[in-house]
Amino acid sequence: MTNIVVLIKQVPDTGSERKLNDSDFTLDREIDPVICEITEKAVEEALQIKEANGGEVTVLTAGPDKATDAIRKALSMGADKAIHINDELLHGSDAVQTAYVLAAALGTVEGVELVIAGNEASDGRVGAVPAMIAEYVELPHLTSLRKVTVDGDKITGERETDEGITTVEGALPAIVSVNEKINEPRFPSFKGIMAAKKKEIEVLTLADLGIEADVVGLANAGSKVTAVTPKPAKQAGERVVDEGDGGTKVAEFLVGQKII
């Protein structure tokens, strides 16, 4: 039996035009919010491990009221319950602060044997939060895995790099992060969607976690955005009409751009 916690995140849809708030340059999270695709895959992986080994799946997220939608999506897929860290003081927290808060929340869950996260969220793409959490809670971590296998108290994973495939393993309890090749998430069934409405969502504040306000939030973040410049509008490309010398014209263009 394996009790699993999955870290999920609500992000702006990758197909939408994302922007920063004018007031403090934080990400505008009201633009088409959806569950992050890679954390959806993390949920699927947890459900497959549960189906093979038994246990329970809890999803954990930090975010505003709207993040409940992402939680319900994970619950409708088959997760058993959820923890939602919801506190306005978290606004503008950087990756280190976020990892610290999530690590504290993990301490409230009894009997956790495995924590699964995506290797990077599609909004910030920091790619370091799972490893940071592992350091805070002092657990082994296996990162950027394309395959995960749980066998008793041992976890094995495959990590793909430019040099090839590496097999890594560790003892449970552990933290792993998965990449986009790990699986294809299931679609929630109607029964799952209805059942999700009745599942427990525990809401925690920073005070519940014993975290002081002066260690989180934009004012206490280790990095800040001080100015932004909109990306330039796309310019019309140069059309080459082939009149028998198309290849020469293309080559001249590439030379002019110092590409060749």
# chains A, B, ... in the order shown; residues from 1 in each chain; ligands from 1

$ select_by_dssp --residues "region 15-209 of chain A" --states "strand (DSSP E)" --output "PyMOL selection string"
chain A and resi 33-35+55-62+81-85+114-118+141-145+147-151+154-161+164-171+174-178+201-204

$ residues_around --residues "region 2-19 of chain A" --least-positions-apart "4" --cutoff "6 Å" --atoms "only C-alpha atoms" --output "list in words"
Asp28, Arg29, Ile31, Asp32, Pro33, Val34, Ile35, Cys36, Thr39, Gly55, Glu56, Val57, Thr58, Val59, Leu60, Thr61, Ala67, Ala70, Val112, Glu113, Leu114, Val115, Ile116 and Ala117 of chain A

$ write_last_selection --atoms "N, CA, C and O atoms" --output "mmCIF file, in the first residue's frame"
data_model
loop_
_atom_site.group_PDB
_atom_site.id
_atom_site.type_symbol
_atom_site.label_atom_id
_atom_site.label_comp_id
_atom_site.auth_asym_id
_atom_site.auth_seq_id
_atom_site.Cartn_x
_atom_site.Cartn_y
_atom_site.Cartn_z
ATOM 1 N N ASP A 28 -0.510 37.271 -14.372
ATOM 2 C CA ASP A 28 -1.960 37.403 -14.316
ATOM 3 C C ASP A 28 -2.577 36.010 -14.411
ATOM 4 O O ASP A 28 -2.575 35.391 -15.476
ATOM 5 N N ARG A 29 -3.091 35.519 -13.296
ATOM 6 C CA ARG A 29 -3.609 34.152 -13.234
ATOM 7 C C ARG A 29 -5.111 34.063 -13.514
ATOM 8 O O ARG A 29 -5.707 33.003 -13.360
ATOM 9 N N ILE A 31 -6.246 34.660 -16.492
ATOM 10 C CA ILE A 31 -6.364 34.382 -17.930
ATOM 11 C C ILE A 31 -6.484 32.878 -18.161
ATOM 12 O O ILE A 31 -5.521 32.131 -18.011
ATOM 13 N N ASP A 32 -7.668 32.421 -18.501
ATOM 14 C CA ASP A 32 -7.917 31.014 -18.854
ATOM 15 C C ASP A 32 -7.183 30.037 -17.938
ATOM 16 O O ASP A 32 -6.354 29.233 -18.396
ATOM 17 N N PRO A 33 -7.465 30.040 -16.633
ATOM 18 C CA PRO A 33 -6.741 29.134 -15.730
ATOM 19 C C PRO A 33 -7.141 27.681 -15.927
ATOM 20 O O PRO A 33 -8.321 27.348 -16.044
ATOM 21 N N VAL A 34 -6.137 26.794 -15.990
ATOM 22 C CA VAL A 34 -6.359 25.355 -16.140
ATOM 23 C C VAL A 34 -5.334 24.623 -15.272
ATOM 24 O O VAL A 34 -4.352 25.202 -14.822
ATOM 25 N N ILE A 35 -5.558 23.342 -15.056
ATOM 26 C CA ILE A 35 -4.559 22.545 -14.362
ATOM 27 C C ILE A 35 -3.348 22.374 -15.282
ATOM 28 O O ILE A 35 -3.499 22.144 -16.483
ATOM 29 N N CYS A 36 -2.159 22.550 -14.749
ATOM 30 C CA CYS A 36 -0.941 22.431 -15.545
ATOM 31 C C CYS A 36 -0.852 21.019 -16.134
ATOM 32 O O CYS A 36 -1.055 20.024 -15.435
ATOM 33 N N THR A 39 1.429 18.499 -14.353
ATOM 34 C CA THR A 39 0.949 18.020 -13.051
ATOM 35 C C THR A 39 -0.257 17.100 -13.225
ATOM 36 O O THR A 39 -0.506 16.231 -12.390
ATOM 37 N N GLY A 55 -3.542 1.928 -1.654
ATOM 38 C CA GLY A 55 -3.159 3.175 -1.017
ATOM 39 C C GLY A 55 -4.135 4.293 -1.294
ATOM 40 O O GLY A 55 -5.309 4.069 -1.645
ATOM 41 N N GLU A 56 -3.657 5.515 -1.182
ATOM 42 C CA GLU A 56 -4.508 6.696 -1.283
ATOM 43 C C GLU A 56 -3.730 7.815 -1.975
ATOM 44 O O GLU A 56 -2.519 7.944 -1.793
ATOM 45 N N VAL A 57 -4.439 8.613 -2.774
ATOM 46 C CA VAL A 57 -3.818 9.725 -3.487
ATOM 47 C C VAL A 57 -4.406 11.044 -2.984
ATOM 48 O O VAL A 57 -5.623 11.248 -3.039
ATOM 49 N N THR A 58 -3.528 11.905 -2.503
ATOM 50 C CA THR A 58 -3.922 13.247 -2.061
ATOM 51 C C THR A 58 -3.254 14.267 -2.966
ATOM 52 O O THR A 58 -2.060 14.188 -3.228
ATOM 53 N N VAL A 59 -4.026 15.233 -3.478
ATOM 54 C CA VAL A 59 -3.429 16.306 -4.279
ATOM 55 C C VAL A 59 -3.222 17.526 -3.390
ATOM 56 O O VAL A 59 -4.024 17.815 -2.502
ATOM 57 N N LEU A 60 -2.135 18.228 -3.644
ATOM 58 C CA LEU A 60 -1.753 19.387 -2.845
ATOM 59 C C LEU A 60 -1.420 20.549 -3.763
ATOM 60 O O LEU A 60 -0.659 20.388 -4.725
ATOM 61 N N THR A 61 -1.979 21.719 -3.476
ATOM 62 C CA THR A 61 -1.662 22.897 -4.265
ATOM 63 C C THR A 61 -1.686 24.133 -3.393
ATOM 64 O O THR A 61 -2.329 24.159 -2.341
ATOM 65 N N ALA A 67 -8.092 28.170 -7.759
ATOM 66 C CA ALA A 67 -7.341 26.917 -7.876
ATOM 67 C C ALA A 67 -8.191 25.702 -7.526
ATOM 68 O O ALA A 67 -7.815 24.565 -7.837
ATOM 69 N N ALA A 70 -8.800 23.416 -10.467
ATOM 70 C CA ALA A 70 -7.751 22.440 -10.777
ATOM 71 C C ALA A 70 -7.831 21.251 -9.824
ATOM 72 O O ALA A 70 -7.622 20.101 -10.223
ATOM 73 N N VAL A 112 2.908 9.589 4.420
ATOM 74 C CA VAL A 112 3.260 9.815 3.015
ATOM 75 C C VAL A 112 4.489 8.978 2.652
ATOM 76 O O VAL A 112 5.529 9.075 3.295
ATOM 77 N N GLU A 113 4.368 8.180 1.613
ATOM 78 C CA GLU A 113 5.474 7.351 1.153
ATOM 79 C C GLU A 113 6.063 7.845 -0.166
ATOM 80 O O GLU A 113 7.215 7.548 -0.485
ATOM 81 N N LEU A 114 5.267 8.599 -0.920
ATOM 82 C CA LEU A 114 5.737 9.057 -2.225
ATOM 83 C C LEU A 114 5.095 10.395 -2.555
ATOM 84 O O LEU A 114 3.888 10.577 -2.372
ATOM 85 N N VAL A 115 5.913 11.334 -3.017
ATOM 86 C CA VAL A 115 5.430 12.630 -3.507
ATOM 87 C C VAL A 115 5.776 12.707 -4.987
ATOM 88 O O VAL A 115 6.928 12.472 -5.381
ATOM 89 N N ILE A 116 4.787 13.022 -5.812
ATOM 90 C CA ILE A 116 4.996 13.117 -7.258
ATOM 91 C C ILE A 116 4.670 14.531 -7.720
ATOM 92 O O ILE A 116 3.643 15.099 -7.346
ATOM 93 N N ALA A 117 5.548 15.085 -8.541
ATOM 94 C CA ALA A 117 5.349 16.417 -9.107
ATOM 95 C C ALA A 117 5.727 16.405 -10.577
ATOM 96 O O ALA A 117 6.387 15.485 -11.060
#

$ select_by_dssp --residues "region 132-178 of chain A" --states "alpha helix (DSSP H)" --output "MDAnalysis selection string"
chainID A and resid 132:137

$ write_last_selection --atoms "all heavy atoms" --output "PDB file, in the first residue's frame"
ATOM      1  N   MET A 132      13.834  21.301  -4.290  1.00  0.00           N
ATOM      2  CA  MET A 132      13.857  22.174  -3.117  1.00  0.00           C
ATOM      3  C   MET A 132      13.050  21.581  -1.971  1.00  0.00           C
ATOM      4  O   MET A 132      13.480  21.576  -0.815  1.00  0.00           O
ATOM      5  CB  MET A 132      13.298  23.550  -3.472  1.00  0.00           C
ATOM      6  CG  MET A 132      14.155  24.380  -4.404  1.00  0.00           C
ATOM      7  SD  MET A 132      13.322  25.937  -4.798  1.00  0.00           S
ATOM      8  CE  MET A 132      14.502  26.678  -5.918  1.00  0.00           C
ATOM      9  N   ILE A 133      11.873  21.069  -2.302  1.00  0.00           N
ATOM     10  CA  ILE A 133      11.030  20.450  -1.272  1.00  0.00           C
ATOM     11  C   ILE A 133      11.748  19.259  -0.651  1.00  0.00           C
ATOM     12  O   ILE A 133      11.726  19.072   0.567  1.00  0.00           O
ATOM     13  CB  ILE A 133       9.677  20.017  -1.876  1.00  0.00           C
ATOM     14  CG1 ILE A 133       8.878  21.243  -2.313  1.00  0.00           C
ATOM     15  CG2 ILE A 133       8.872  19.200  -0.866  1.00  0.00           C
ATOM     16  CD1 ILE A 133       7.609  20.890  -3.074  1.00  0.00           C
ATOM     17  N   ALA A 134      12.379  18.451  -1.498  1.00  0.00           N
ATOM     18  CA  ALA A 134      13.111  17.283  -1.002  1.00  0.00           C
ATOM     19  C   ALA A 134      14.189  17.689  -0.007  1.00  0.00           C
ATOM     20  O   ALA A 134      14.422  17.008   0.999  1.00  0.00           O
ATOM     21  CB  ALA A 134      13.719  16.513  -2.165  1.00  0.00           C
ATOM     22  N   GLU A 135      14.847  18.808  -0.271  1.00  0.00           N
ATOM     23  CA  GLU A 135      15.872  19.293   0.658  1.00  0.00           C
ATOM     24  C   GLU A 135      15.251  19.740   1.966  1.00  0.00           C
ATOM     25  O   GLU A 135      15.785  19.479   3.048  1.00  0.00           O
ATOM     26  CB  GLU A 135      16.652  20.448   0.013  1.00  0.00           C
ATOM     27  CG  GLU A 135      17.564  20.024  -1.118  1.00  0.00           C
ATOM     28  CD  GLU A 135      18.647  19.070  -0.652  1.00  0.00           C
ATOM     29  OE1 GLU A 135      19.362  19.389   0.312  1.00  0.00           O
ATOM     30  OE2 GLU A 135      18.770  17.985  -1.251  1.00  0.00           O
ATOM     31  N   TYR A 136      14.114  20.418   1.882  1.00  0.00           N
ATOM     32  CA  TYR A 136      13.454  20.883   3.101  1.00  0.00           C
ATOM     33  C   TYR A 136      13.000  19.723   3.988  1.00  0.00           C
ATOM     34  O   TYR A 136      13.141  19.764   5.214  1.00  0.00           O
ATOM     35  CB  TYR A 136      12.240  21.753   2.759  1.00  0.00           C
ATOM     36  CG  TYR A 136      12.569  23.182   2.419  1.00  0.00           C
ATOM     37  CD1 TYR A 136      12.123  23.760   1.227  1.00  0.00           C
ATOM     38  CD2 TYR A 136      13.301  23.981   3.295  1.00  0.00           C
ATOM     39  CE1 TYR A 136      12.422  25.082   0.908  1.00  0.00           C
ATOM     40  CE2 TYR A 136      13.595  25.300   2.986  1.00  0.00           C
ATOM     41  CZ  TYR A 136      13.151  25.842   1.799  1.00  0.00           C
ATOM     42  OH  TYR A 136      13.447  27.155   1.496  1.00  0.00           O
ATOM     43  N   VAL A 137      12.441  18.673   3.371  1.00  0.00           N
ATOM     44  CA  VAL A 137      11.905  17.560   4.154  1.00  0.00           C
ATOM     45  C   VAL A 137      12.901  16.413   4.304  1.00  0.00           C
ATOM     46  O   VAL A 137      12.598  15.394   4.915  1.00  0.00           O
ATOM     47  CB  VAL A 137      10.588  17.034   3.545  1.00  0.00           C
ATOM     48  CG1 VAL A 137       9.536  18.126   3.528  1.00  0.00           C
ATOM     49  CG2 VAL A 137      10.805  16.497   2.126  1.00  0.00           C
TER      50      VAL A 137
END

$ closest_atom_pairs --of "region 58-148 of chain A" --to "region 221-231 of chain A" --cutoff "10 Å" --atoms "only C-alpha atoms" --output "Markdown table"
| residue | atom | partner | partner_atom | distance |
| --- | --- | --- | --- | --- |
| A:Gly92 | CA | A:Ala221 | CA | 7.4 |
| A:Ser93 | CA | A:Ala221 | CA | 5.8 |
| A:Asp94 | CA | A:Ala221 | CA | 5.6 |
| A:Ala95 | CA | A:Ala221 | CA | 8.8 |
| A:Val96 | CA | A:Gly222 | CA | 8.1 |
| A:Gln97 | CA | A:Ala221 | CA | 7.2 |
| A:Thr98 | CA | A:Ala221 | CA | 10.0 |

$ closest_residue --among "A:Asp69, A:Asp123, A:Glu169, A:Asp162" --to "Pro140 (chain A)" --atoms "only C-alpha atoms"
A:Glu169

$ atom_distance --atom1 "CA of Pro130 (chain A)" --atom2 "CA of Gly118 (chain A)"
8.1 Å

$ residues_around --residues "Val150 (chain A)" --least-positions-apart "4" --cutoff "12 Å" --atoms "only C-alpha atoms" --output "short mmCIF file (atom, residue, chain, number, x, y, z; two decimals) with N, CA, C and O atoms, in the first residue's frame"
data_model
loop_
_atom_site.label_atom_id
_atom_site.label_comp_id
_atom_site.auth_asym_id
_atom_site.auth_seq_id
_atom_site.Cartn_x
_atom_site.Cartn_y
_atom_site.Cartn_z
N MET A 1 0.84 -1.19 0.00
CA MET A 1 0.00 0.00 0.00
C MET A 1 0.88 1.25 0.00
O MET A 1 1.82 1.34 0.78
N THR A 2 0.59 2.20 -0.89
CA THR A 2 1.41 3.40 -1.03
C THR A 2 0.53 4.64 -0.92
O THR A 2 -0.40 4.82 -1.71
N ASN A 3 0.82 5.47 0.07
CA ASN A 3 0.10 6.73 0.20
C ASN A 3 0.89 7.82 -0.53
O ASN A 3 2.05 8.08 -0.23
N ILE A 4 0.24 8.43 -1.51
CA ILE A 4 0.92 9.34 -2.43
C ILE A 4 0.33 10.74 -2.32
O ILE A 4 -0.88 10.92 -2.23
N GLU A 45 0.01 9.34 -13.01
CA GLU A 45 1.01 8.38 -12.56
C GLU A 45 0.70 7.89 -11.16
O GLU A 45 0.83 6.70 -10.85
N ALA A 46 0.27 8.81 -10.30
CA ALA A 46 -0.10 8.41 -8.93
C ALA A 46 -1.27 7.44 -8.94
O ALA A 46 -1.29 6.46 -8.17
N GLN A 48 -2.10 5.35 -11.32
CA GLN A 48 -1.65 4.05 -11.80
C GLN A 48 -0.90 3.28 -10.71
O GLN A 48 -1.06 2.06 -10.57
N ILE A 49 -0.09 3.98 -9.95
CA ILE A 49 0.63 3.33 -8.84
C ILE A 49 -0.35 2.85 -7.78
O ILE A 49 -0.21 1.74 -7.24
N LYS A 50 -1.36 3.67 -7.50
CA LYS A 50 -2.39 3.27 -6.53
C LYS A 50 -3.13 2.02 -7.00
O LYS A 50 -3.39 1.09 -6.22
N GLU A 51 -3.47 1.99 -8.29
CA GLU A 51 -4.20 0.85 -8.82
C GLU A 51 -3.38 -0.43 -8.75
O GLU A 51 -3.93 -1.53 -8.60
N ALA A 52 -2.06 -0.30 -8.84
CA ALA A 52 -1.18 -1.47 -8.80
C ALA A 52 -0.82 -1.89 -7.39
O ALA A 52 -0.58 -3.08 -7.12
N ASN A 53 -0.78 -0.92 -6.47
CA ASN A 53 -0.27 -1.21 -5.13
C ASN A 53 -1.23 -0.90 -3.99
O ASN A 53 -0.92 -1.18 -2.83
N GLY A 54 -2.39 -0.30 -4.32
CA GLY A 54 -3.30 0.13 -3.26
C GLY A 54 -2.85 1.47 -2.70
O GLY A 54 -1.92 2.09 -3.17
N GLU A 113 4.37 8.18 1.61
CA GLU A 113 5.47 7.35 1.15
C GLU A 113 6.06 7.85 -0.17
O GLU A 113 7.21 7.55 -0.48
N LEU A 114 5.27 8.60 -0.92
CA LEU A 114 5.74 9.06 -2.23
C LEU A 114 5.09 10.39 -2.55
O LEU A 114 3.89 10.58 -2.37
N LYS A 154 11.02 0.24 -2.59
CA LYS A 154 11.99 0.79 -3.53
C LYS A 154 11.28 1.42 -4.72
O LYS A 154 10.27 0.92 -5.20
N ILE A 155 11.82 2.55 -5.19
CA ILE A 155 11.28 3.20 -6.37
C ILE A 155 12.40 3.32 -7.40
O ILE A 155 13.54 3.66 -7.08
N THR A 156 12.06 2.99 -8.65
CA THR A 156 13.02 3.04 -9.75
C THR A 156 12.46 3.91 -10.86
O THR A 156 11.25 3.91 -11.11
N GLY A 157 13.34 4.66 -11.51
CA GLY A 157 12.88 5.53 -12.58
C GLY A 157 13.86 5.60 -13.72
O GLY A 157 15.05 5.30 -13.57
N GLU A 169 17.38 4.97 -8.80
CA GLU A 169 16.52 4.31 -7.81
C GLU A 169 16.76 4.89 -6.43
O GLU A 169 17.79 5.51 -6.16
N GLY A 170 15.78 4.70 -5.58
CA GLY A 170 15.88 5.18 -4.21
C GLY A 170 14.91 4.42 -3.33
O GLY A 170 14.08 3.64 -3.79
N ALA A 171 15.03 4.66 -2.03
CA ALA A 171 14.16 4.01 -1.06
C ALA A 171 13.01 4.94 -0.71
O ALA A 171 13.17 6.16 -0.63
N LEU A 172 11.83 4.37 -0.53
CA LEU A 172 10.68 5.14 -0.06
C LEU A 172 10.81 5.40 1.44
O LEU A 172 11.34 4.56 2.16
N PRO A 173 10.33 6.55 1.91
CA PRO A 173 9.64 7.61 1.18
C PRO A 173 10.59 8.44 0.33
O PRO A 173 11.76 8.58 0.65
N ALA A 174 10.05 9.00 -0.77
CA ALA A 174 10.87 9.76 -1.70
C ALA A 174 9.99 10.75 -2.45
O ALA A 174 8.76 10.69 -2.40
N VAL A 176 9.56 12.37 -6.40
CA VAL A 176 9.95 12.25 -7.80
C VAL A 176 9.28 13.35 -8.61
O VAL A 176 8.20 13.84 -8.25
#

$ atom_distance --atom1 "CA of Lys191 (chain A)" --atom2 "CA of Ala121 (chain A)"
28.6 Å

$ closest_residue --among "A:Gly107, A:Gly244, A:Pro185, A:Gly63" --to "Glu138 (chain A)" --atoms "only C-alpha atoms"
A:Gly107

$ residues_around --residues "region 192-199 of chain A" --least-positions-apart "4" --cutoff "7 Å" --atoms "only C-alpha atoms" --output "list in words"
Arg72, Leu75, Ser76, Met77, Gly78, Asp80, Lys81 and Pro188 of chain A

$ write_last_selection --atoms "all heavy atoms" --output "PDB file, in the first residue's frame"
ATOM      1  N   ARG A  72     -10.539  20.087  -8.353  1.00  0.00           N
ATOM      2  CA  ARG A  72     -11.684  19.253  -8.721  1.00  0.00           C
ATOM      3  C   ARG A  72     -11.375  18.398  -9.945  1.00  0.00           C
ATOM      4  O   ARG A  72     -11.845  17.259 -10.052  1.00  0.00           O
ATOM      5  CB  ARG A  72     -12.907  20.133  -8.998  1.00  0.00           C
ATOM      6  CG  ARG A  72     -13.482  20.806  -7.762  1.00  0.00           C
ATOM      7  CD  ARG A  72     -14.045  19.813  -6.766  1.00  0.00           C
ATOM      8  NE  ARG A  72     -14.604  20.469  -5.589  1.00  0.00           N
ATOM      9  CZ  ARG A  72     -14.915  19.855  -4.460  1.00  0.00           C
ATOM     10  NH1 ARG A  72     -14.746  18.534  -4.345  1.00  0.00           N
ATOM     11  NH2 ARG A  72     -15.401  20.510  -3.428  1.00  0.00           N
ATOM     12  N   LEU A  75      -9.448  15.481  -8.637  1.00  0.00           N
ATOM     13  CA  LEU A  75     -10.342  14.598  -7.879  1.00  0.00           C
ATOM     14  C   LEU A  75     -11.260  13.819  -8.814  1.00  0.00           C
ATOM     15  O   LEU A  75     -11.563  12.650  -8.575  1.00  0.00           O
ATOM     16  CB  LEU A  75     -11.172  15.414  -6.884  1.00  0.00           C
ATOM     17  CG  LEU A  75     -10.408  16.057  -5.725  1.00  0.00           C
ATOM     18  CD1 LEU A  75     -11.343  16.924  -4.884  1.00  0.00           C
ATOM     19  CD2 LEU A  75      -9.738  15.006  -4.838  1.00  0.00           C
ATOM     20  N   SER A  76     -11.690  14.458  -9.899  1.00  0.00           N
ATOM     21  CA  SER A  76     -12.570  13.761 -10.842  1.00  0.00           C
ATOM     22  C   SER A  76     -11.830  12.679 -11.605  1.00  0.00           C
ATOM     23  O   SER A  76     -12.433  11.709 -12.082  1.00  0.00           O
ATOM     24  CB  SER A  76     -13.199  14.764 -11.818  1.00  0.00           C
ATOM     25  OG  SER A  76     -12.221  15.325 -12.679  1.00  0.00           O
ATOM     26  N   MET A  77     -10.504  12.807 -11.716  1.00  0.00           N
ATOM     27  CA  MET A  77      -9.703  11.758 -12.347  1.00  0.00           C
ATOM     28  C   MET A  77      -9.600  10.531 -11.459  1.00  0.00           C
ATOM     29  O   MET A  77      -9.363   9.425 -11.946  1.00  0.00           O
ATOM     30  CB  MET A  77      -8.301  12.282 -12.656  1.00  0.00           C
ATOM     31  CG  MET A  77      -8.246  13.321 -13.760  1.00  0.00           C
ATOM     32  SD  MET A  77      -6.582  14.043 -13.942  1.00  0.00           S
ATOM     33  CE  MET A  77      -5.635  12.592 -14.478  1.00  0.00           C
ATOM     34  N   GLY A  78      -9.744  10.727 -10.135  1.00  0.00           N
ATOM     35  CA  GLY A  78      -9.680   9.591  -9.220  1.00  0.00           C
ATOM     36  C   GLY A  78      -8.908   9.813  -7.944  1.00  0.00           C
ATOM     37  O   GLY A  78      -8.838   8.910  -7.100  1.00  0.00           O
ATOM     38  N   ASP A  80      -8.176  10.879  -4.182  1.00  0.00           N
ATOM     39  CA  ASP A  80      -9.093  10.640  -3.072  1.00  0.00           C
ATOM     40  C   ASP A  80      -9.461  11.900  -2.296  1.00  0.00           C
ATOM     41  O   ASP A  80     -10.602  12.057  -1.860  1.00  0.00           O
ATOM     42  CB  ASP A  80      -8.468   9.616  -2.110  1.00  0.00           C
ATOM     43  CG  ASP A  80      -8.222   8.283  -2.794  1.00  0.00           C
ATOM     44  OD1 ASP A  80      -9.207   7.591  -3.089  1.00  0.00           O
ATOM     45  OD2 ASP A  80      -7.054   7.951  -3.051  1.00  0.00           O
ATOM     46  N   LYS A  81      -8.507  12.797  -2.105  1.00  0.00           N
ATOM     47  CA  LYS A  81      -8.779  14.023  -1.348  1.00  0.00           C
ATOM     48  C   LYS A  81      -7.743  15.069  -1.713  1.00  0.00           C
ATOM     49  O   LYS A  81      -6.829  14.798  -2.504  1.00  0.00           O
ATOM     50  CB  LYS A  81      -8.776  13.752   0.153  1.00  0.00           C
ATOM     51  CG  LYS A  81      -7.503  13.126   0.700  1.00  0.00           C
ATOM     52  CD  LYS A  81      -7.667  12.778   2.180  1.00  0.00           C
ATOM     53  CE  LYS A  81      -6.401  12.158   2.751  1.00  0.00           C
ATOM     54  NZ  LYS A  81      -6.548  11.814   4.188  1.00  0.00           N
ATOM     55  N   PRO A 188     -11.676  12.292 -17.126  1.00  0.00           N
ATOM     56  CA  PRO A 188     -12.599  12.006 -16.027  1.00  0.00           C
ATOM     57  C   PRO A 188     -13.929  11.479 -16.564  1.00  0.00           C
ATOM     58  O   PRO A 188     -14.460  11.994 -17.550  1.00  0.00           O
ATOM     59  CB  PRO A 188     -12.779  13.378 -15.359  1.00  0.00           C
ATOM     60  CG  PRO A 188     -11.591  14.172 -15.760  1.00  0.00           C
ATOM     61  CD  PRO A 188     -11.239  13.707 -17.142  1.00  0.00           C
TER      62      PRO A 188
END

$ residues_around --residues "Lys147 (chain A)" --least-positions-apart "2" --cutoff "10 Å" --atoms "only C-alpha atoms" --output "count of residues only"
15

$ decode --residues "region 118-132 of chain A" --atoms "N, CA, C and O atoms" --output "CSV table (one decimal), in the first residue's frame"
chain,number,residue,atom,x,y,z
A,118,GLY,N,5.3,17.4,-11.3
A,118,GLY,CA,5.8,17.6,-12.6
A,118,GLY,C,7.2,18.2,-12.6
A,118,GLY,O,7.6,18.8,-11.6
A,119,ASN,N,8.0,18.0,-13.6
A,119,ASN,CA,9.4,18.5,-13.6
A,119,ASN,C,9.5,20.0,-13.7
A,119,ASN,O,10.4,20.6,-13.1
A,120,GLU,N,8.5,20.6,-14.3
A,120,GLU,CA,8.4,22.1,-14.3
A,120,GLU,C,7.0,22.5,-14.7
A,120,GLU,O,6.4,21.9,-15.6
A,121,ALA,N,6.5,23.6,-14.1
A,121,ALA,CA,5.2,24.1,-14.5
A,121,ALA,C,5.3,24.9,-15.8
A,121,ALA,O,6.3,25.5,-16.1
A,122,SER,N,4.2,25.0,-16.5
A,122,SER,CA,4.2,25.7,-17.8
A,122,SER,C,4.2,27.2,-17.7
A,122,SER,O,4.3,27.9,-18.7
A,123,ASP,N,4.0,27.7,-16.5
A,123,ASP,CA,4.1,29.2,-16.4
A,123,ASP,C,5.5,29.7,-16.0
A,123,ASP,O,6.0,30.5,-16.8
A,124,GLY,N,6.1,29.3,-14.9
A,124,GLY,CA,7.4,29.8,-14.5
A,124,GLY,C,8.5,29.0,-15.1
A,124,GLY,O,9.6,29.5,-15.4
A,125,ARG,N,8.3,27.7,-15.3
A,125,ARG,CA,9.4,26.8,-15.8
A,125,ARG,C,10.7,26.9,-15.0
A,125,ARG,O,11.8,26.9,-15.6
A,126,VAL,N,10.6,26.9,-13.7
A,126,VAL,CA,11.8,27.0,-12.8
A,126,VAL,C,12.4,25.6,-12.8
A,126,VAL,O,13.6,25.5,-12.9
A,127,GLY,N,11.6,24.5,-12.7
A,127,GLY,CA,12.1,23.2,-12.8
A,127,GLY,C,12.9,22.8,-11.5
A,127,GLY,O,13.7,21.8,-11.6
A,128,ALA,N,12.8,23.5,-10.4
A,128,ALA,CA,13.6,23.1,-9.2
A,128,ALA,C,12.8,22.9,-8.0
A,128,ALA,O,13.3,22.5,-7.0
A,129,VAL,N,11.5,23.2,-8.0
A,129,VAL,CA,10.7,23.1,-6.8
A,129,VAL,C,10.6,21.7,-6.2
A,129,VAL,O,10.8,21.6,-4.9
A,130,PRO,N,10.5,20.6,-6.9
A,130,PRO,CA,10.5,19.3,-6.3
A,130,PRO,C,11.8,19.0,-5.5
A,130,PRO,O,11.8,18.5,-4.4
A,131,ALA,N,12.9,19.4,-6.1
A,131,ALA,CA,14.2,19.2,-5.5
A,131,ALA,C,14.3,20.1,-4.2
A,131,ALA,O,14.9,19.6,-3.2
A,132,MET,N,13.8,21.3,-4.3
A,132,MET,CA,13.9,22.2,-3.1
A,132,MET,C,13.1,21.6,-2.0
A,132,MET,O,13.5,21.6,-0.8
